[in-house]
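Below: one structure, written as structure tokens.
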Amino acid sequence: MSRELIRLRDVCMAFDDELVLDHLNLYFNDKEFLTLLGPSGCGKTTTLRIIGGFATPTSGDVLFDGVRINDVPPYKRQINTVFQKYALFPHLNVFENIAFGLRMQKRPDPKDPTGKKMVKIPEDEIRERVMEMLEVVSLKGFEHRKPDALSGGQQQRVAIARALVNKPKVLLLDEPLAALDLKLRKDMQIELKRIQQQVGITFIYVTHDQEEALTMSDTIVVMDKGSIQQIGTPEDIYNEPKNAFVADFIGESNIIDGIMLQDKLVQMYGKTFPCLDGGFAPNEPVDVVIRPEDIDIVPVEQGQLIGTVTTVTFKGMQYDIIVDFKGFKWLIQTTDHCPEGSRIGIKIDPDGIHIMKKSQYSGMFGDYSSFSEEYDELDDASLSLDEEESGDEA
Amino acid sequence: MKRKLSFLSIPYVIWMALFVVAPIIMVVIYAFSTADGGFTLANFARMGTYTVVFTRSFKLALIATLICLVIGYPVSYLMSREGPRFQRIAMVLIMLPMWMNFLLRTYSWMALLENNGLLNQLFQNIGLIDLYNRIFGTNLTFFRMINTQGAVVLGMVYNYLPFMILPIYSVIVKLDHNLLEAARDLGANSFQVFRRVILPLSLPGVLSGITMVFVPSVSTFAISKMLGGGTELLLGDLIEQQFLGGAYNPQLGAAISLVMMVIVVICMWIMNRFGEGEEQAVMM
């Protein structure tokens with residue numbers, strides 16, 4: 001694996017006695033695309049601000065390349081930030097916005113043998129580097145525009161170029177796509193990943209959008225209530241969620257109470273299901289995760305379980321149906337049309353069943369009784385964005 | 001919106017026509033008239049006589065404006081960085097003198113600055129005047145403060161300082177905090193953040209502050225009359241004399257007014273050209 005670049009060691013952060021980060025331990029590797037993912041108020045933005053130097057942790061250490069940087073001000077860190085609302089300088093044009101960081105820099109004079117004399121970066125080098133950056137973010141020809149004459153996506157690119165031109169070792173991105181519309185957001189996800197690979201530095205990305213996280217990240221850190229819930233690759237996080245919170249936050253999940261009879265055998269609704277997990281105590285109560293797309297609909301007589309369809313929603317590629325199994329409602333995604341009120345049987349393959357240990361989140365998620373509300377919450381990014389702001393200002 | 005005048009704007013339009021446009025037209029007509037109504041340029045020919053007054057007026061107004069800027073900008077800047085409670089209290093304190101009549105405020109400065117006024121009594125009592133006499137070998141019984149150009153400038157600064165602070169403050173306080181963080185993030189230290197971001201973005205406030213202090217300062221007559229003792233004649237005094245005073249000559253008064261207005265307009269135009277780019281930026 002690649003080299004460790006940043007480490008947060010036992011970091012706590014409290015605002016007015018409210019613990020925002022609770023003994024956080026986390027490291028970031030060089031050249032990796034890492035996403036801090038979580039709902040508003042989970043501490044992800046605070047974590048980013050601590051790395052950027054805009055907040056000082058109440059306790060714990062921030063290490064950069066093995067050196068403690070808790071008290072190093074932002075302008076002395078080899079870290080740059082792309083802010084949520086871009087924060088482009090309105091009085092400067094695109095060129096000057098991007099050149100801003102370079103004009104702030106001083107470096108040893110190459111002509112001075114003692115190496116003590118500091119000089120500004122020469123104008124022709126600034127010009128060259130800014131132009132190079134404009135090329136990277138595909139904004140050639142826009143250098144004389146003022147920020148207010150750019151679209152949201154273009155402003156976004158300028159913000160990225162402005163941060164990258166300083167050749168930081170780490171780029172911090174605080175929900176940079178939140179203000180863009182869906183189509184542009186998807187394009188920019190791919191674009192961001194491309195830029196990260198092209199410049200070859202660490203990106204630390206903060207978002208509450210699980211789909212964004214899955215699309216771009218090498219590593220995802222799922223956070224809630226100031227603690228890390230799970231760290232892993234997008235595949236790990238999706239396929240092997242550690243607890244009900246992660247399972248619910250990433251994708252759609254039915255989470256059912258079960259009992260682990262023995263290795264590879266779990267009991268739900270009084271019936272036994274073969275599965276692939278093991279390592280639990282005999283008869284240990286567990287949470288069982290079943291993804292809506294892993295459920296097959298079969299005729300009633302062949303079903304492992306039998307339930308009643310209560311709601312059908314057409315989603316284009318598939319139907320989202322809510323099925324009542326003895327009072328607990330499941331979400332199933334299927335291409336077959338099952339009319340509301342019909343009785344159906346379901347079958348789940350062993351690899352579609354994922355077993356999790358009981359946690360503080362057990363029983364809080366995974367029931368689709370309040371299906372529509374939950375769906376609205378997940379889809380409405382702007383709603384949670386507003387909460388995020390008020391939550392993180394505190 | 002652009003072509004149709006809203007019904008609601010009619011009172012204001014009438015007001016403007018009666019009390020702004022009509023008087024200006026009258027000033028222009030008067031300035032080019034003889035006492036019996038004929039056309040003349042003679043009023044302007046006499047303008048050379050008053051070069052000293054013009055220069056003095058513009059000089060004092062300029063000094064007062066600069067002092068207001070030097071005091072007002074830091075006050076606005078520091079205020080904007082404090083908590084909302086502090087900002088509210090500071091704002092009330094700045095506005096407080098303005099709740100009292102302009103003439104009363106200036107009268108109270110007379111009482112303070114007079115030869116046997118409060119300040120001189122204080123200086124006497126704490127031995128400051130004796131100390132001064134001993135150091136410089138003089139034999140003063142009071143400091144001469146009233147009826148000087150300094151007193152006039154002081155009066156201007158005192159009266160117009162809020163007009164400098166308010167526009168600058170209102171621009172700075174609205175600056176997006178993210179911009180300052182972005183600048184720091186990009187390697188700017190505190191001074192550079194101020195120099196490269198805060199200052200250029202607050203320029204529109206500075207420009208309107210300068211306008212709001214300079215224009216009334218250059219045309220004031222009450223302040224110079226009360227604190228300058230009439231010895232330091234300013235443009236405002238000169239014009240007043242032509243209309244109300246002993247030197248009754250409204251045609252000349254109108255001509256002086258017109259010249260002064262033209263000079264002020266030119267000054268403002270140059271200044272606004274200077275800050276045009278920035279202004280647009282903040283408007284967005």
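Chain labels run A, B, ... following the order of the structure tokens; each chain numbers its residues from 1, and ligands are numbered from 1 in the order shown.
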
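The residue set within 9 Å of range 84-101 of chain B, counting only C-alpha atoms and dropping same-chain residues fewer than 3 places from it, reads Met79, Ser80, Arg81, Leu104, Arg105, Thr106, Asn159, Leu161, Pro162, Ile165 and Leu166 of chain B.
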
Let me see the file: selected residues, N, CA and C atoms, as a PDB file, in the first residue's frame.
ATOM      1  N   MET B  79     -14.693  46.596  14.309  1.00  0.00           N
ATOM      2  CA  MET B  79     -16.060  46.367  14.738  1.00  0.00           C
ATOM      3  C   MET B  79     -16.646  45.121  14.081  1.00  0.00           C
ATOM      4  N   SER B  80     -16.385  44.996  12.787  1.00  0.00           N
ATOM      5  CA  SER B  80     -16.982  43.896  12.032  1.00  0.00           C
ATOM      6  C   SER B  80     -16.458  42.546  12.496  1.00  0.00           C
ATOM      7  N   ARG B  81     -15.319  42.548  13.171  1.00  0.00           N
ATOM      8  CA  ARG B  81     -14.742  41.272  13.604  1.00  0.00           C
ATOM      9  C   ARG B  81     -15.237  40.866  14.987  1.00  0.00           C
ATOM     10  N   LEU B 104     -26.422  72.130  17.911  1.00  0.00           N
ATOM     11  CA  LEU B 104     -26.163  71.971  19.350  1.00  0.00           C
ATOM     12  C   LEU B 104     -24.825  71.295  19.589  1.00  0.00           C
ATOM     13  N   ARG B 105     -24.577  70.265  18.780  1.00  0.00           N
ATOM     14  CA  ARG B 105     -23.312  69.537  18.922  1.00  0.00           C
ATOM     15  C   ARG B 105     -22.134  70.467  18.691  1.00  0.00           C
ATOM     16  N   THR B 106     -22.285  71.304  17.670  1.00  0.00           N
ATOM     17  CA  THR B 106     -21.175  72.187  17.336  1.00  0.00           C
ATOM     18  C   THR B 106     -21.022  73.284  18.400  1.00  0.00           C
ATOM     19  N   ASN B 159     -18.491  65.786  13.255  1.00  0.00           N
ATOM     20  CA  ASN B 159     -19.853  65.713  12.740  1.00  0.00           C
ATOM     21  C   ASN B 159     -20.037  64.659  11.648  1.00  0.00           C
ATOM     22  N   LEU B 161     -17.880  61.943  10.894  1.00  0.00           N
ATOM     23  CA  LEU B 161     -17.249  60.622  11.056  1.00  0.00           C
ATOM     24  C   LEU B 161     -18.238  59.454  10.896  1.00  0.00           C
ATOM     25  N   PRO B 162     -19.423  59.531  11.481  1.00  0.00           N
ATOM     26  CA  PRO B 162     -20.360  58.402  11.303  1.00  0.00           C
ATOM     27  C   PRO B 162     -20.667  58.100   9.837  1.00  0.00           C
ATOM     28  N   ILE B 165     -17.904  55.854   8.783  1.00  0.00           N
ATOM     29  CA  ILE B 165     -17.901  54.517   9.396  1.00  0.00           C
ATOM     30  C   ILE B 165     -19.032  53.652   8.838  1.00  0.00           C
ATOM     31  N   LEU B 166     -20.222  54.215   8.748  1.00  0.00           N
ATOM     32  CA  LEU B 166     -21.378  53.380   8.402  1.00  0.00           C
ATOM     33  C   LEU B 166     -21.246  52.671   7.051  1.00  0.00           C
TER      34      LEU B 166
END

Contacts of range 120-129 of chain B within 9 Å, only C-alpha atoms, excl. fewer than 3 positions in-chain, as number ranges by chain: B: 112-117, 132-134, 140-145

Residue list for chain A near chain B as an MDAnalysis selection string, 9 Å, only C-alpha atoms: chainID A and resid 52:54 73:77 79:92 100:102 104:105 146:148 162:163 166

Computed interatomic separation between CA of Pro108 in chain A and CA of Lys120 in chain A (Å): 8.7 Å

Which of range 112-276 of chain A DSSP labels alpha helix (DSSP H), written as a ChimeraX atom specification: /A:123-136,152-164,182-199,210-216,234-239,244-249

Would you write out those residues with C-alpha atoms, as a compact mmCIF listing (two decimals), in the first residue's frame?
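Printed below is out-v2.txt as written:
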# COMPACT_ATOMS: atom_id res chain seq x y z
CA GLU A 123 5.39 36.50 -13.64
CA ASP A 124 6.09 34.22 -16.62
CA GLU A 125 6.13 31.15 -14.40
CA ILE A 126 2.85 32.21 -12.79
CA ARG A 127 1.36 32.64 -16.24
CA GLU A 128 2.58 29.22 -17.35
CA ARG A 129 1.29 27.42 -14.27
CA VAL A 130 -2.10 29.14 -14.35
CA MET A 131 -2.52 28.25 -18.02
CA GLU A 132 -1.55 24.68 -17.30
CA MET A 133 -4.20 24.51 -14.58
CA LEU A 134 -6.85 26.03 -16.85
CA GLU A 135 -6.07 23.20 -19.22
CA VAL A 136 -6.43 20.58 -16.48
CA GLY A 152 -21.81 27.00 -11.22
CA GLY A 153 -19.84 24.18 -12.82
CA GLN A 154 -17.25 26.58 -14.20
CA GLN A 155 -16.85 28.33 -10.86
CA GLN A 156 -16.34 24.91 -9.37
CA ARG A 157 -13.52 24.21 -11.81
CA VAL A 158 -11.88 27.55 -11.07
CA ALA A 159 -12.01 26.74 -7.35
CA ILE A 160 -10.32 23.41 -8.01
CA ALA A 161 -7.68 24.98 -10.25
CA ARG A 162 -7.04 27.72 -7.70
CA ALA A 163 -6.33 25.10 -5.05
CA LEU A 164 -4.31 22.75 -7.25
CA LEU A 182 -27.87 16.43 -10.84
CA LYS A 183 -26.54 16.07 -14.38
CA LEU A 184 -23.59 18.38 -13.78
CA ARG A 185 -22.91 16.67 -10.48
CA LYS A 186 -22.52 13.32 -12.22
CA ASP A 187 -20.18 14.79 -14.83
CA MET A 188 -18.10 16.51 -12.18
CA GLN A 189 -17.78 13.28 -10.17
CA ILE A 190 -16.02 11.66 -13.09
CA GLU A 191 -14.08 14.84 -13.78
CA LEU A 192 -12.86 15.07 -10.19
CA LYS A 193 -11.68 11.48 -10.21
CA ARG A 194 -9.84 12.13 -13.48
CA ILE A 195 -8.18 15.26 -12.08
CA GLN A 196 -7.15 13.42 -8.94
CA GLN A 197 -5.49 10.69 -10.99
CA GLN A 198 -3.86 13.22 -13.31
CA VAL A 199 -2.26 15.33 -10.56
CA GLN A 210 -23.52 8.08 -0.62
CA GLU A 211 -23.67 7.74 -4.37
CA GLU A 212 -20.96 10.39 -4.82
CA ALA A 213 -18.83 8.57 -2.28
CA LEU A 214 -19.24 5.19 -3.99
CA THR A 215 -18.46 6.62 -7.42
CA MET A 216 -15.22 8.42 -6.67
CA PRO A 234 -16.71 1.27 -1.64
CA GLU A 235 -17.31 -2.44 -2.28
CA ASP A 236 -16.56 -3.38 1.33
CA ILE A 237 -18.81 -0.70 2.68
CA TYR A 238 -21.66 -1.68 0.42
CA ASN A 239 -21.34 -5.43 0.62
CA ALA A 244 -27.26 -1.03 10.82
CA PHE A 245 -26.28 2.60 10.45
CA VAL A 246 -23.82 1.92 7.64
CA ALA A 247 -26.15 -0.53 5.96
CA ASP A 248 -28.94 2.01 5.97
CA PHE A 249 -26.82 5.01 5.00

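Interatomic distance, CA of Gln302 in chain A to CA of Phe328 in chain A: 20.6 Å.
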
Selection: 12 Å around Ile146 in chain B, only C-alpha atoms, excl. self and same-chain fewer than 6 positions, as number ranges by chain: B: 106-120, 152-155, 223-232

Between CA of Asn25 in chain A and CA of Ser362 in chain A - distance in Å to one decimal: 23.9 Å

Exercise: Arg3 in chain A partners within 9 Å, only C-alpha atoms, chain neighbours under 6 positions left out, as a list in words: Phe28, Asn29, Asp30 and Lys31 of chain A

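Among B:Asn272, B:Ser219, B:Ser9, B:Ser170, the residue with the shortest atom-to-atom distance to Phe54 in chain B, counting only C-alpha atoms, is B:Ser219.
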
Residues near Val309 in chain A, anyone? I mean within 6 Å using only C-alpha atoms, not counting same-chain ones fewer than 3 positions away, as a short mmCIF file (atom, residue, chain, number, x, y, z; two decimals) with N, CA and C atoms, in the first residue's frame.
data_model
loop_
_atom_site.label_atom_id
_atom_site.label_comp_id
_atom_site.auth_asym_id
_atom_site.auth_seq_id
_atom_site.Cartn_x
_atom_site.Cartn_y
_atom_site.Cartn_z
N ILE A 322 -43.02 -2.26 -1.80
CA ILE A 322 -42.95 -2.46 -0.35
C ILE A 322 -43.81 -3.67 -0.03
N VAL A 323 -43.19 -4.63 0.65
CA VAL A 323 -43.88 -5.87 0.93
C VAL A 323 -43.93 -6.07 2.44
N GLU A 340 -50.47 -4.04 -6.33
CA GLU A 340 -50.68 -3.78 -4.91
C GLU A 340 -51.70 -4.74 -4.36
N GLY A 341 -51.49 -5.26 -3.19
CA GLY A 341 -52.42 -6.17 -2.54
C GLY A 341 -52.18 -7.63 -2.87
N SER A 342 -51.30 -7.92 -3.85
CA SER A 342 -51.08 -9.32 -4.22
C SER A 342 -50.16 -10.00 -3.21
#

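With only C-alpha atoms as the basis for measurement, B:Val53 is the residue among B:Val53, B:Leu252, B:Leu41, B:Leu8 that approaches Gly236 in chain B most closely.
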